[in-house]
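K.L.:
Below is the file coords_7.txt, which contains compact mmCIF, C-alpha atoms and all ligand atoms.
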```txt
# COMPACT_ATOMS: atom_id res chain seq x y z
CA MET A 965 109.18 121.58 124.48
CA LEU A 966 110.00 117.90 124.87
CA ARG A 967 113.63 117.26 124.04
CA THR A 968 114.93 113.75 123.33
CA ALA A 969 117.69 112.03 121.34
CA LEU A 970 115.22 111.94 118.40
CA THR A 971 114.38 115.64 118.46
CA ASP A 972 118.11 116.43 118.72
CA LEU A 973 119.07 114.08 115.87
CA LEU A 974 116.45 115.39 113.43
CA SER A 975 115.86 118.92 114.79
CA LEU A 976 112.20 118.24 115.61
CA ARG A 977 109.82 120.18 117.86
CA ALA A 978 107.89 117.01 118.79
CA PRO A 979 109.30 113.51 119.49
CA ILE A 980 106.99 111.96 116.93
CA VAL A 981 107.54 110.25 113.59
CA GLY A 982 104.55 109.77 111.29
CA ALA A 983 104.97 106.14 110.16
CA PRO A 984 105.44 105.38 106.47
CA MET A 985 102.11 103.93 105.31
CA ALA A 986 101.80 102.67 101.75
CA GLY A 987 98.63 104.05 100.19
CA VAL A 988 98.05 106.45 103.11
CA SER A 989 101.12 108.59 103.80
CA GLY A 990 101.85 110.52 100.64
CA ALA A 991 103.34 113.99 100.51
CA ASP A 992 100.24 115.71 101.95
CA LEU A 993 100.30 113.69 105.17
CA ALA A 994 104.08 113.78 105.52
CA VAL A 995 104.16 117.56 105.14
CA ALA A 996 101.32 117.99 107.66
CA VAL A 997 103.05 115.79 110.27
CA SER A 998 106.27 117.75 109.83
CA ALA A 999 104.36 121.04 110.03
CA GLY A 1000 103.07 119.88 113.43
CA GLY A 1001 106.66 119.52 114.65
CA GLY A 1002 107.28 115.80 114.01
CA LEU A 1003 108.81 114.02 111.03
CA GLY A 1004 106.42 112.88 108.31
CA MET A 1005 107.42 109.76 106.37
CA LEU A 1006 106.37 108.80 102.84
CA GLY A 1007 105.24 105.18 102.46
CA PHE A 1008 105.41 103.18 99.23
CA ALA A 1009 103.91 99.94 97.96
CA SER A 1010 106.35 97.06 97.47
CA THR A 1011 106.16 97.44 93.68
CA ALA A 1012 106.58 101.25 93.55
CA SER A 1013 108.96 102.51 90.86
CA GLY A 1014 111.93 104.75 91.51
CA ASP A 1015 110.08 107.47 89.62
CA ALA A 1016 107.10 107.19 91.96
CA VAL A 1017 109.45 107.70 94.92
CA ARG A 1018 111.09 110.71 93.21
CA THR A 1019 107.73 112.31 92.34
CA GLU A 1020 106.26 111.99 95.83
CA ALA A 1021 109.50 113.14 97.47
CA SER A 1022 109.61 116.19 95.26
CA ARG A 1023 105.99 117.01 96.23
CA ALA A 1024 106.95 116.64 99.90
CA ARG A 1025 110.00 118.86 99.47
CA SER A 1026 107.89 121.58 97.90
CA GLY A 1027 105.82 121.58 101.12
CA GLY A 1028 108.79 123.31 102.74
CA HIS A 1029 109.45 120.78 105.52
CA HIS A 1030 111.83 117.89 105.99
CA PHE A 1031 110.46 114.39 105.40
CA GLY A 1032 111.48 110.75 105.65
CA ILE A 1033 110.97 107.75 103.37
CA GLY A 1034 109.97 104.23 104.43
CA LEU A 1035 110.86 101.17 102.33
CA MET A 1036 110.51 97.41 102.79
CA ALA A 1037 113.67 95.30 102.90
CA TRP A 1038 112.09 92.23 101.29
CA ALA A 1039 110.86 94.30 98.33
CA LEU A 1040 114.16 96.11 97.68
CA ALA A 1041 115.84 93.01 96.27
CA ASP A 1042 113.56 93.29 93.21
CA HIS A 1043 113.18 97.08 93.29
CA PRO A 1044 116.55 98.58 94.22
CA ASP A 1045 115.56 101.68 92.21
CA GLN A 1046 113.28 102.65 95.14
CA PHE A 1047 116.34 102.89 97.34
CA ASP A 1048 118.44 104.88 94.86
CA ALA A 1049 115.55 107.32 94.37
CA ALA A 1050 115.10 107.64 98.15
CA ILE A 1051 118.74 108.56 98.71
CA GLU A 1052 118.70 111.07 95.83
CA SER A 1053 115.64 112.77 97.31
CA GLY A 1054 117.47 114.24 100.29
CA PRO A 1055 115.34 112.69 103.08
CA ALA A 1056 115.96 113.42 106.76
CA LEU A 1057 115.52 109.70 107.59
CA VAL A 1058 115.10 106.47 105.63
CA SER A 1059 113.57 103.40 107.21
CA VAL A 1060 114.12 99.93 105.79
CA SER A 1061 111.96 97.41 107.60
CA PHE A 1062 110.67 93.84 107.30
CA GLY A 1063 113.61 91.68 106.21
CA ASP A 1064 117.39 92.04 106.32
CA ALA A 1065 118.01 95.78 106.51
CA SER A 1066 121.79 95.55 107.08
CA PRO A 1067 123.07 96.05 103.49
CA TRP A 1068 120.78 99.05 103.06
CA VAL A 1069 121.71 100.54 106.41
CA GLU A 1070 125.37 100.36 105.39
CA ARG A 1071 124.62 102.22 102.16
CA LEU A 1072 122.63 104.85 104.05
CA ARG A 1073 125.53 105.37 106.43
CA ASP A 1074 127.90 105.77 103.47
CA ALA A 1075 125.52 108.38 102.03
CA GLY A 1076 125.27 110.19 105.37
CA VAL A 1077 121.52 109.57 105.68
CA PRO A 1078 120.17 108.56 109.13
CA ALA A 1079 118.70 105.04 109.00
CA ALA A 1080 115.85 103.47 110.95
CA THR A 1081 114.39 99.99 111.04
CA GLN A 1082 111.41 98.43 112.78
CA VAL A 1083 112.09 95.43 115.01
CA ALA A 1084 109.70 92.95 116.58
CA ASP A 1085 111.87 91.26 119.22
CA VAL A 1086 115.02 91.87 121.25
CA ARG A 1087 117.20 89.65 119.06
CA GLU A 1088 116.28 91.69 115.99
CA ALA A 1089 116.92 94.88 117.92
CA LYS A 1090 120.46 93.82 118.86
CA ALA A 1091 121.23 92.85 115.26
CA ALA A 1092 119.91 96.19 113.97
CA ALA A 1093 121.92 98.14 116.54
CA ASP A 1094 125.05 96.18 115.56
CA CYS A 1095 124.60 97.04 111.90
CA GLY A 1096 124.59 100.76 112.74
CA VAL A 1097 121.03 102.13 112.54
CA SER A 1098 120.63 105.67 113.86
CA VAL A 1099 117.16 104.97 115.29
CA LEU A 1100 115.49 101.70 116.26
CA VAL A 1101 111.73 101.35 116.14
CA ALA A 1102 110.35 98.81 118.63
CA ARG A 1103 107.15 97.88 116.82
CA GLY A 1104 104.68 95.99 118.96
CA ALA A 1105 102.16 93.48 117.66
CA GLU A 1106 99.19 95.79 118.32
CA GLY A 1107 100.42 98.09 115.54
CA GLY A 1108 98.56 98.61 112.29
CA GLY A 1109 99.63 97.34 108.90
CA HIS A 1110 102.34 94.75 108.40
CA GLY A 1111 104.73 93.44 110.99
CA ARG A 1112 105.45 90.29 112.96
CA ASP A 1113 102.67 89.35 115.33
CA ALA A 1114 105.26 88.63 118.02
CA VAL A 1115 105.39 90.82 121.16
CA GLY A 1116 103.24 93.67 122.48
CA THR A 1117 104.67 97.19 122.48
CA LEU A 1118 105.29 97.49 126.21
CA PRO A 1119 107.23 94.25 126.86
CA LEU A 1120 109.09 94.79 123.57
CA LEU A 1121 110.03 98.37 124.43
CA GLN A 1122 111.31 97.44 127.89
CA GLY A 1123 113.46 94.62 126.52
CA VAL A 1124 114.83 96.67 123.62
CA LEU A 1125 115.66 99.69 125.81
CA ASP A 1126 117.69 97.44 128.11
CA ALA A 1127 119.44 95.71 125.20
CA VAL A 1128 120.71 98.55 122.97
CA ASP A 1129 122.32 101.97 123.21
CA VAL A 1130 120.82 103.64 120.12
CA PRO A 1131 117.72 105.88 120.42
CA VAL A 1132 114.56 103.75 120.46
CA LEU A 1133 111.12 104.81 119.25
CA ALA A 1134 108.01 102.97 120.40
CA ALA A 1135 105.48 101.93 117.76
CA GLY A 1136 102.18 100.10 117.99
CA GLY A 1137 99.12 101.36 119.81
CA ILE A 1138 100.17 104.96 120.53
CA ALA A 1139 97.45 107.46 119.66
CA THR A 1140 97.01 109.76 122.65
CA ALA A 1141 99.14 112.00 124.87
CA ARG A 1142 98.92 109.32 127.57
CA GLY A 1143 100.52 106.75 125.26
CA LEU A 1144 103.29 109.12 124.21
CA ALA A 1145 103.97 110.15 127.81
CA ALA A 1146 104.11 106.49 128.89
CA VAL A 1147 106.73 105.47 126.33
CA LEU A 1148 108.81 108.61 126.96
CA ALA A 1149 108.68 107.90 130.70
CA ALA A 1150 109.93 104.38 129.98
CA GLY A 1151 112.94 105.78 128.13
CA ALA A 1152 111.87 105.88 124.48
CA ALA A 1153 113.17 108.81 122.41
CA GLY A 1154 109.75 109.21 120.81
CA ALA A 1155 106.81 107.48 119.17
CA TRP A 1156 106.31 106.22 115.61
CA ILE A 1157 102.59 106.54 114.94
CA GLY A 1158 100.49 105.20 112.07
CA THR A 1159 96.90 104.38 113.04
CA ALA A 1160 96.52 107.70 114.90
CA LEU A 1161 96.90 109.47 111.53
CA LEU A 1162 94.58 107.31 109.41
CA ALA A 1163 91.58 109.64 109.68
CA CYS A 1164 93.55 112.85 109.27
CA ARG A 1165 92.40 115.15 106.50
CA GLU A 1166 95.74 114.86 104.70
CA ALA A 1167 95.84 111.03 104.73
CA ALA A 1168 95.08 109.33 101.41
CA THR A 1169 92.52 107.11 103.20
CA PRO A 1170 89.44 106.84 100.93
CA PRO A 1171 86.22 108.28 102.46
CA ALA A 1172 84.48 104.93 103.08
CA ALA A 1173 87.63 103.49 104.69
CA ARG A 1174 87.92 106.63 106.84
CA ALA A 1175 84.34 106.12 108.04
CA ARG A 1176 85.24 102.57 109.11
CA VAL A 1177 88.29 103.81 110.99
CA LEU A 1178 86.19 106.37 112.87
CA ALA A 1179 83.55 103.77 113.76
CA ALA A 1180 85.91 100.95 114.76
CA ASP A 1181 86.63 99.79 118.32
CA GLU A 1182 89.93 98.54 119.69
CA THR A 1183 88.69 94.95 119.40
CA ASP A 1184 87.84 95.19 115.70
CA THR A 1185 91.27 94.36 114.21
CA VAL A 1186 92.85 91.09 113.17
CA VAL A 1187 96.29 90.04 111.91
CA THR A 1188 95.88 88.24 108.63
CA ARG A 1189 97.61 87.42 105.35
CA VAL A 1190 94.44 87.01 103.31
CA PHE A 1191 94.64 90.35 101.50
CA ASP A 1192 98.26 89.75 100.45
CA VAL A 1193 97.53 86.18 99.39
CA ALA A 1194 94.50 87.23 97.34
CA GLN A 1195 96.50 89.95 95.59
CA GLY A 1196 99.56 87.74 95.10
CA ILE A 1197 101.80 90.17 97.02
CA PRO A 1198 104.85 88.12 98.04
CA TRP A 1199 105.21 89.29 101.65
CA PRO A 1200 107.36 86.76 103.55
CA PRO A 1201 104.85 84.61 105.51
CA ALA A 1202 106.22 85.80 108.89
CA TYR A 1203 104.64 89.20 108.25
CA GLY A 1204 100.90 89.45 108.60
CA GLY A 1205 99.00 92.68 108.35
CA ARG A 1206 96.78 94.06 111.13
CA ALA A 1207 93.55 95.24 109.51
CA LEU A 1208 89.91 95.81 110.37
CA GLY A 1209 88.05 92.50 110.34
CA ASN A 1210 85.40 92.13 107.62
CA ALA A 1211 83.49 89.54 105.61
CA PHE A 1212 86.52 88.73 103.40
CA VAL A 1213 88.65 87.98 106.47
CA ARG A 1214 85.89 85.87 108.03
CA ARG A 1215 85.58 83.85 104.83
CA TRP A 1216 89.28 83.26 104.06
CA HIS A 1217 91.40 83.56 107.21
CA GLY A 1218 92.87 80.11 107.86
CA ARG A 1219 92.13 78.99 104.28
CA GLU A 1220 95.02 80.85 102.61
CA GLU A 1221 96.08 77.91 100.42
CA LEU A 1222 92.63 77.68 98.84
CA LEU A 1223 92.50 81.45 98.52
CA ALA A 1224 95.81 81.57 96.64
CA ALA A 1225 94.27 79.42 93.90
CA ASP A 1226 90.92 81.21 93.80
CA GLU A 1227 90.88 83.70 90.94
CA ASP A 1228 87.28 84.72 91.68
CA ALA A 1229 88.26 85.85 95.18
CA ALA A 1230 91.13 87.92 93.79
CA ALA A 1231 88.77 89.55 91.28
CA GLU A 1232 86.16 90.15 93.99
CA LEU A 1233 88.77 91.91 96.16
CA GLY A 1234 89.95 94.09 93.27
CA ALA A 1235 86.39 95.09 92.37
CA ALA A 1236 85.57 95.86 96.00
CA ARG A 1237 88.59 98.15 96.25
CA ASP A 1238 87.52 99.97 93.10
CA ARG A 1239 84.01 100.63 94.40
CA GLY A 1240 85.09 101.33 98.01
CA ASP A 1241 83.37 98.31 99.59
CA TYR A 1242 85.32 97.70 102.80
CA GLU A 1243 83.26 94.70 103.87
CA VAL A 1244 85.50 92.98 101.30
CA ALA A 1245 88.44 95.32 100.69
CA TYR A 1246 91.04 96.02 103.39
CA VAL A 1247 91.60 98.82 105.83
CA TYR A 1248 94.91 98.28 107.59
CA ALA A 1249 94.74 99.64 111.15
CA GLY A 1250 96.08 98.81 114.61
CA GLN A 1251 94.35 98.41 117.96
CA ALA A 1252 94.69 102.15 118.56
CA VAL A 1253 91.91 102.56 115.98
CA GLY A 1254 89.51 102.55 118.93
CA LEU A 1255 91.07 105.86 120.02
CA VAL A 1256 90.56 107.57 116.66
CA ASP A 1257 87.12 109.17 116.62
CA ARG A 1258 87.51 112.44 114.73
CA GLU A 1259 88.84 113.59 111.39
CA ARG A 1260 91.51 116.17 112.26
CA PRO A 1261 94.49 117.92 110.68
CA ALA A 1262 97.63 115.86 111.20
CA SER A 1263 99.58 118.88 112.42
CA ALA A 1264 97.04 119.25 115.26
CA VAL A 1265 97.27 115.55 116.17
CA VAL A 1266 101.06 115.77 116.40
CA ALA A 1267 101.18 119.09 118.26
CA GLU A 1268 98.48 118.01 120.75
CA LEU A 1269 100.13 114.64 121.42
CA ALA A 1270 103.41 116.38 122.21
CA ALA A 1271 101.91 119.19 124.32
CA GLY A 1272 99.64 116.76 126.18
CA ALA A 1273 102.50 114.36 126.92
CA GLU A 1274 104.62 117.22 128.21
CA ASP A 1275 101.81 118.28 130.58
CA LEU A 1276 101.31 114.73 131.83
CA LEU A 1277 105.01 114.15 132.42
CA ARG A 1278 105.19 117.41 134.35
CA GLN A 1279 102.19 116.40 136.49
CA TRP A 1280 103.60 112.93 137.20
CA CYS A 1281 106.99 114.33 138.11
CA GLY A 1282 105.47 116.98 140.39
C1 LIG B 1 97.68 101.64 106.73
C2 LIG B 1 99.07 101.29 107.16
C3 LIG B 1 100.06 101.12 106.20
C4 LIG B 1 101.38 100.84 106.58
N1 LIG B 1 102.34 100.75 105.61
C5 LIG B 1 103.65 100.64 105.99
C6 LIG B 1 104.68 100.77 105.01
O1 LIG B 1 104.43 100.99 103.83
N2 LIG B 1 105.97 100.66 105.43
C7 LIG B 1 106.29 100.46 106.75
O2 LIG B 1 107.47 100.40 107.08
N3 LIG B 1 105.32 100.32 107.69
C8 LIG B 1 104.01 100.43 107.34
N4 LIG B 1 103.03 100.36 108.30
C9 LIG B 1 103.39 100.07 109.70
C10 LIG B 1 103.82 101.33 110.45
O3 LIG B 1 105.12 101.71 110.03
C11 LIG B 1 103.85 101.14 111.96
O4 LIG B 1 104.55 99.98 112.28
C12 LIG B 1 102.49 101.07 112.64
O5 LIG B 1 101.56 101.93 112.04
C13 LIG B 1 102.64 101.42 114.12
O6 LIG B 1 101.51 101.06 114.86
P1 LIG B 1 100.17 101.98 115.01
O7 LIG B 1 99.48 101.80 113.72
O8 LIG B 1 99.47 101.36 116.14
O9 LIG B 1 100.61 103.39 115.24
C14 LIG B 1 101.71 100.65 107.95
C15 LIG B 1 100.69 100.82 108.91
C16 LIG B 1 99.41 101.15 108.54
C17 LIG B 1 98.35 101.35 109.61
```
What do you get writing this file as C-alpha cells?
Ligand SMILES: Cc1cc2nc3c(=O)[nH]c(=O)nc-3n(C[C@H](O)[C@H](O)[C@H](O)COP(=O)(O)O)c2cc1C

P.N.:
Amino acid sequence: MLRTALTDLLSLRAPIVGAPMAGVSGADLAVAVSAGGGLGMLGFASTASGDAVRTEASRARSGGHHFGIGLMAWALADHPDQFDAAIESGPALVSVSFGDASPWVERLRDAGVPAATQVADVREAKAAADCGVSVLVARGAEGGGHGRDAVGTLPLLQGVLDAVDVPVLAAGGIATARGLAAVLAAGAAGAWIGTALLACREAATPPAARARVLAADETDTVVTRVFDVAQGIPWPPAYGGRALGNAFVRRWHGREELLAADEDAAAELGAARDRGDYEVAYVYAGQAVGLVDRERPASAVVAELAAGAEDLLRQWCG
C-alpha cells in the first residue's frame, strides 16, 4: 500500500482525491471513489443552496464512506450558507478554491475540519500555506474545468514542493498509474483527479457528454469563458474553464463582449443543454481526456491507479 502524508492525514488506502466537480461529482461518484480507497469529493454549482449541500452530503454519508466537499471562494461571498452546510455535514476535507480562501480556511481550522485549496502558481501556494491549509493542491493549466490558465502541472508542482512545507497534491492531467507514480516520485502526497473520473458509471455525466469524453483526444480541449459568459455566471475573469472544443466555442471564443449581450445565444445554449447537444453545450474536461477510453467503475479506476503506481515505483527503485 502506498503511504503518504495524505493517506496518513485522512486514513486513505490510496493517495488519491476525486476532485469536486459541479454537475458531475454527486454522492454516487464520491462514495465510489472512497470505496476504491481514495477520498471522494462532492462538487456544487456556484449558486447551490445550503439545503442542496446538506442533501447531497447526507446521501454520501449513507454510502458508508467518508467524503469531502468542494466549494468556490468567489461564490461563498453571496452563498455563505453553502459553507455552513458543509461544516455541519461532517466532511473529512473541505476545499475552498478560486478566490481568497483565507477567511474560510480559518473557520475550517476553528471547526477542526482539514482544509484544502487549489493554487495555480508558487505565490498563491505560499499564501495558502501561510493561512494554514492542511493540504495544498497544485493545479496545473492542463486540468479540466475552471482554474487559471497559468502554469503546467509539472513546473507548478516542482516550484510548489520547493516553496512550502504542507502536503501537496498534484492536479491537472493525471489519469493513469504512470501519472500518479510520476507526481509521487517528485514528492507529491497524492493526486487530485477530475477528468479521469468523467466517464465513470457513477459520474453524473449525461450519456451524450460521456460519449464525447470517450471519443476525445488530448488535443481536443480549450480554455474558454464563453459558457460562463453566455449563462451570466459571474466567474472572475481570471478563471477560464477547460472544456471540449465545439461549434459554440468556435463561434464565440474571443467575442465574449458581444456574447454577453446576445440573448439568442444564451437561449440556444440552454436549449442545447436540455436536449443533450454537445456541439453547442459544454463538456468540461482536461487534456487527460485523451487517456479516458472506457466507462468503468470509479472504485476500479482509483484502486488500479494506486496499485499500478506502486508497481511502477517499485520497478523504478529496483
Ligand atoms: C467537469 C469538471 C467540473 C469541475 N468542477 C469543479 C468544482 O465544482 N469545484 C472545484 O473546486 N473544481 C472543479 N473542477 C476542477 C477540479 O477540481 C480539478 O482542478 C481538475 O479536474 C484537475 O484536473 P484533471 O481534470 O486533469 O484531473 C472541475 C473539473 C471538471 C473536469

K.L.:
Would you list the contacts of region 1054-1070 of chain A as a VMD selection string, taking every protein, DNA or RNA residue within 9 Å and counting all atoms listed in the file, but skipping same-chain residues closer than 5 positions in sequence?

P.N.:
chain A and resid 974 984 1003 1005 1021 1025 1030 to 1040 1047 1075 1077 to 1083 1091 to 1092 1095 to 1097 1099 1110 to 1112 1200 1203

K.L.:
Which residue, A:Pro1044, A:Gly1205, A:Gly1250, A:Pro1170, has the smallest gap to ligand LIG 1 (chain B) when you use only C-alpha atoms and all ligand atoms?

P.N.:
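Checking each candidate against ligand LIG 1 (chain B), we get A:Gly1250 as the closest.
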
K.L.:
Would you name the residues within 9 Å of ligand LIG 1 (chain B), counting all atoms listed in the file, and put them as a ChimeraX atom specification?

P.N.:
/A:982-989,1006-1010,1033-1036,1059-1062,1081-1082,1101-1111,1134-1139,1155-1162,1169,1205-1207,1247-1253

K.L.:
Keeping C-alpha atoms for every residue in the selection just given, could you write it to a file as an mmCIF file, in the coordinates of the input?

P.N.:
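The new file again.cif reads:
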```cif
data_model
loop_
_atom_site.group_PDB
_atom_site.id
_atom_site.type_symbol
_atom_site.label_atom_id
_atom_site.label_comp_id
_atom_site.auth_asym_id
_atom_site.auth_seq_id
_atom_site.Cartn_x
_atom_site.Cartn_y
_atom_site.Cartn_z
ATOM 1 C CA GLY A 982 104.550 109.770 111.290
ATOM 2 C CA ALA A 983 104.970 106.140 110.160
ATOM 3 C CA PRO A 984 105.440 105.380 106.470
ATOM 4 C CA MET A 985 102.110 103.930 105.310
ATOM 5 C CA ALA A 986 101.800 102.670 101.750
ATOM 6 C CA GLY A 987 98.630 104.050 100.190
ATOM 7 C CA VAL A 988 98.050 106.450 103.110
ATOM 8 C CA SER A 989 101.120 108.590 103.800
ATOM 9 C CA LEU A 1006 106.370 108.800 102.840
ATOM 10 C CA GLY A 1007 105.240 105.180 102.460
ATOM 11 C CA PHE A 1008 105.410 103.180 99.230
ATOM 12 C CA ALA A 1009 103.910 99.940 97.960
ATOM 13 C CA SER A 1010 106.350 97.060 97.470
ATOM 14 C CA ILE A 1033 110.970 107.750 103.370
ATOM 15 C CA GLY A 1034 109.970 104.230 104.430
ATOM 16 C CA LEU A 1035 110.860 101.170 102.330
ATOM 17 C CA MET A 1036 110.510 97.410 102.790
ATOM 18 C CA SER A 1059 113.570 103.400 107.210
ATOM 19 C CA VAL A 1060 114.120 99.930 105.790
ATOM 20 C CA SER A 1061 111.960 97.410 107.600
ATOM 21 C CA PHE A 1062 110.670 93.840 107.300
ATOM 22 C CA THR A 1081 114.390 99.990 111.040
ATOM 23 C CA GLN A 1082 111.410 98.430 112.780
ATOM 24 C CA VAL A 1101 111.730 101.350 116.140
ATOM 25 C CA ALA A 1102 110.350 98.810 118.630
ATOM 26 C CA ARG A 1103 107.150 97.880 116.820
ATOM 27 C CA GLY A 1104 104.680 95.990 118.960
ATOM 28 C CA ALA A 1105 102.160 93.480 117.660
ATOM 29 C CA GLU A 1106 99.190 95.790 118.320
ATOM 30 C CA GLY A 1107 100.420 98.090 115.540
ATOM 31 C CA GLY A 1108 98.560 98.610 112.290
ATOM 32 C CA GLY A 1109 99.630 97.340 108.900
ATOM 33 C CA HIS A 1110 102.340 94.750 108.400
ATOM 34 C CA GLY A 1111 104.730 93.440 110.990
ATOM 35 C CA ALA A 1134 108.010 102.970 120.400
ATOM 36 C CA ALA A 1135 105.480 101.930 117.760
ATOM 37 C CA GLY A 1136 102.180 100.100 117.990
ATOM 38 C CA GLY A 1137 99.120 101.360 119.810
ATOM 39 C CA ILE A 1138 100.170 104.960 120.530
ATOM 40 C CA ALA A 1139 97.450 107.460 119.660
ATOM 41 C CA ALA A 1155 106.810 107.480 119.170
ATOM 42 C CA TRP A 1156 106.310 106.220 115.610
ATOM 43 C CA ILE A 1157 102.590 106.540 114.940
ATOM 44 C CA GLY A 1158 100.490 105.200 112.070
ATOM 45 C CA THR A 1159 96.900 104.380 113.040
ATOM 46 C CA ALA A 1160 96.520 107.700 114.900
ATOM 47 C CA LEU A 1161 96.900 109.470 111.530
ATOM 48 C CA LEU A 1162 94.580 107.310 109.410
ATOM 49 C CA THR A 1169 92.520 107.110 103.200
ATOM 50 C CA GLY A 1205 99.000 92.680 108.350
ATOM 51 C CA ARG A 1206 96.780 94.060 111.130
ATOM 52 C CA ALA A 1207 93.550 95.240 109.510
ATOM 53 C CA VAL A 1247 91.600 98.820 105.830
ATOM 54 C CA TYR A 1248 94.910 98.280 107.590
ATOM 55 C CA ALA A 1249 94.740 99.640 111.150
ATOM 56 C CA GLY A 1250 96.080 98.810 114.610
ATOM 57 C CA GLN A 1251 94.350 98.410 117.960
ATOM 58 C CA ALA A 1252 94.690 102.150 118.560
ATOM 59 C CA VAL A 1253 91.910 102.560 115.980
#
```

K.L.:
Would you pick out the contacts of region 1262-1275 of chain A at 6 Å or less, using all atoms listed in the file, so that residues sharing its chain but fewer than 3 positions from it are not included, and give the list as a PDB file with C-alpha atoms, keeping the file's coordinate frame?

P.N.:
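Result written to around.pdb:
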```pdb
ATOM      1  CA  ALA A 978     107.890 117.010 118.790  1.00  0.00           C
ATOM      2  CA  ALA A 996     101.320 117.990 107.660  1.00  0.00           C
ATOM      3  CA  VAL A 997     103.050 115.790 110.270  1.00  0.00           C
ATOM      4  CA  ALA A 999     104.360 121.040 110.030  1.00  0.00           C
ATOM      5  CA  GLY A1000     103.070 119.880 113.430  1.00  0.00           C
ATOM      6  CA  THR A1140      97.010 109.760 122.650  1.00  0.00           C
ATOM      7  CA  ALA A1141      99.140 112.000 124.870  1.00  0.00           C
ATOM      8  CA  LEU A1144     103.290 109.120 124.210  1.00  0.00           C
ATOM      9  CA  ALA A1145     103.970 110.150 127.810  1.00  0.00           C
ATOM     10  CA  CYS A1164      93.550 112.850 109.270  1.00  0.00           C
ATOM     11  CA  ARG A1278     105.190 117.410 134.350  1.00  0.00           C
TER      12      ARG A1278
END
```

K.L.:
Quote the spacing between CA of Ala1152 (chain A) and CA of Leu1121 (chain A) in Å to one decimal place.

P.N.:
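Rounded to one decimal, the two atoms are 7.7 Å apart.
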
K.L.:
For Pro1171 (chain A), which residue among A:Glu1220, A:Ala1153, A:Asp1015, A:Tyr1242 is the nearest when counting only C-alpha atoms?

P.N.:
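Result for the nearest residue to Pro1171 (chain A): A:Tyr1242.
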
K.L.:
Quick one: residues within 10 Å of Ala1224 (chain A), only C-alpha atoms, excluding same-chain residues fewer than 3 positions away - as a ChimeraX atom specification?

P.N.:
/A:1190,1192-1196,1219-1221,1227,1229-1230

K.L.:
Include C-alpha atoms and write out the residues we just selected as a PDB file, in the frame of the given file.

P.N.:
```pdb
ATOM      1  CA  VAL A1190      94.440  87.010 103.310  1.00  0.00           C
ATOM      2  CA  ASP A1192      98.260  89.750 100.450  1.00  0.00           C
ATOM      3  CA  VAL A1193      97.530  86.180  99.390  1.00  0.00           C
ATOM      4  CA  ALA A1194      94.500  87.230  97.340  1.00  0.00           C
ATOM      5  CA  GLN A1195      96.500  89.950  95.590  1.00  0.00           C
ATOM      6  CA  GLY A1196      99.560  87.740  95.100  1.00  0.00           C
ATOM      7  CA  ARG A1219      92.130  78.990 104.280  1.00  0.00           C
ATOM      8  CA  GLU A1220      95.020  80.850 102.610  1.00  0.00           C
ATOM      9  CA  GLU A1221      96.080  77.910 100.420  1.00  0.00           C
ATOM     10  CA  GLU A1227      90.880  83.700  90.940  1.00  0.00           C
ATOM     11  CA  ALA A1229      88.260  85.850  95.180  1.00  0.00           C
ATOM     12  CA  ALA A1230      91.130  87.920  93.790  1.00  0.00           C
TER      13      ALA A1230
END
```

K.L.:
In Å, rounded to a single decimal, give me how far CA of Asp1228 (chain A) is from CA of Arg1176 (chain A).

P.N.:
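According to the coordinates, CA of Arg1176 (chain A) and CA of Asp1228 (chain A) are separated by 25.0 Å.
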
K.L.:
Which residue, A:Pro979, A:Gly1234, A:Gly1027, A:Pro1201, has the smallest gap to Leu993 (chain A) when you use all atoms listed in the file?

P.N.:
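Among the listed residues, the smallest separation from Leu993 (chain A) belongs to A:Gly1027.
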
K.L.:
Measure the distance from CA of Leu1120 (chain A) to CA of Gly1209 (chain A) in Å and round it to one decimal.

P.N.:
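So the answer is 25.0 Å.
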
K.L.:
So that I can see what lies close to Arg1214 (chain A), please list as a JSON list (two decimals) with C-alpha atoms, keeping the file's coordinate frame the residues with an atom at most 12 Å from it, counting all atoms listed in the file and leaving out residues fewer than 2 positions away in the same chain.

P.N.:
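Wrote around.json, looks like this:
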```
[["chain", "number", "residue", "atom", "x", "y", "z"],
["A", 1185, "THR", "CA", 91.27, 94.36, 114.21],
["A", 1186, "VAL", "CA", 92.85, 91.09, 113.17],
["A", 1187, "VAL", "CA", 96.29, 90.04, 111.91],
["A", 1188, "THR", "CA", 95.88, 88.24, 108.63],
["A", 1190, "VAL", "CA", 94.44, 87.01, 103.31],
["A", 1191, "PHE", "CA", 94.64, 90.35, 101.50],
["A", 1208, "LEU", "CA", 89.91, 95.81, 110.37],
["A", 1209, "GLY", "CA", 88.05, 92.50, 110.34],
["A", 1210, "ASN", "CA", 85.40, 92.13, 107.62],
["A", 1211, "ALA", "CA", 83.49, 89.54, 105.61],
["A", 1212, "PHE", "CA", 86.52, 88.73, 103.40],
["A", 1216, "TRP", "CA", 89.28, 83.26, 104.06],
["A", 1217, "HIS", "CA", 91.40, 83.56, 107.21],
["A", 1218, "GLY", "CA", 92.87, 80.11, 107.86],
["A", 1219, "ARG", "CA", 92.13, 78.99, 104.28],
["A", 1220, "GLU", "CA", 95.02, 80.85, 102.61],
["A", 1243, "GLU", "CA", 83.26, 94.70, 103.87],
["A", 1244, "VAL", "CA", 85.50, 92.98, 101.30]]
```

K.L.:
Smallest atom-to-atom distance to Gly1151 (chain A): which of A:Val1128, A:Ala994, A:Ala1012, A:Ala1041, using all atoms listed in the file?

P.N.:
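Of the candidates, the smallest distance to Gly1151 (chain A) is held by A:Val1128.
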
K.L.:
Would you please work out which residue, of A:Ala1167, A:Val1147, A:Ala1245, A:Ala1084, is nearest to Asp1113 (chain A) when using all atoms listed in the file?

P.N.:
A:Ala1084

K.L.:
Determine the nearest neighbour of Leu976 (chain A) from the options A:Ile1051, A:Ala991, A:Gly1154, A:Arg1260, counting all atoms listed in the file.

P.N.:
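Using all atoms listed in the file, Leu976 (chain A) sits closest to A:Gly1154.
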
K.L.:
Taking 4 positions as the minimum chain separation for residues in the same chain, which residues sit within 6 Å of region 1254-1259 of chain A when counting only C-alpha atoms? Answer as an NGL selection string.

P.N.:
:A and (1163-1164 or 1178 or 1180-1182)

K.L.:
Output C-alpha atoms for every residue in that selection, as an mmCIF file, in the coordinates of the input.

P.N.:
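Saved result, out.cif, follows:
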```cif
data_model
loop_
_atom_site.group_PDB
_atom_site.id
_atom_site.type_symbol
_atom_site.label_atom_id
_atom_site.label_comp_id
_atom_site.auth_asym_id
_atom_site.auth_seq_id
_atom_site.Cartn_x
_atom_site.Cartn_y
_atom_site.Cartn_z
ATOM 1 C CA ALA A 1163 91.580 109.640 109.680
ATOM 2 C CA CYS A 1164 93.550 112.850 109.270
ATOM 3 C CA LEU A 1178 86.190 106.370 112.870
ATOM 4 C CA ALA A 1180 85.910 100.950 114.760
ATOM 5 C CA ASP A 1181 86.630 99.790 118.320
ATOM 6 C CA GLU A 1182 89.930 98.540 119.690
#
```
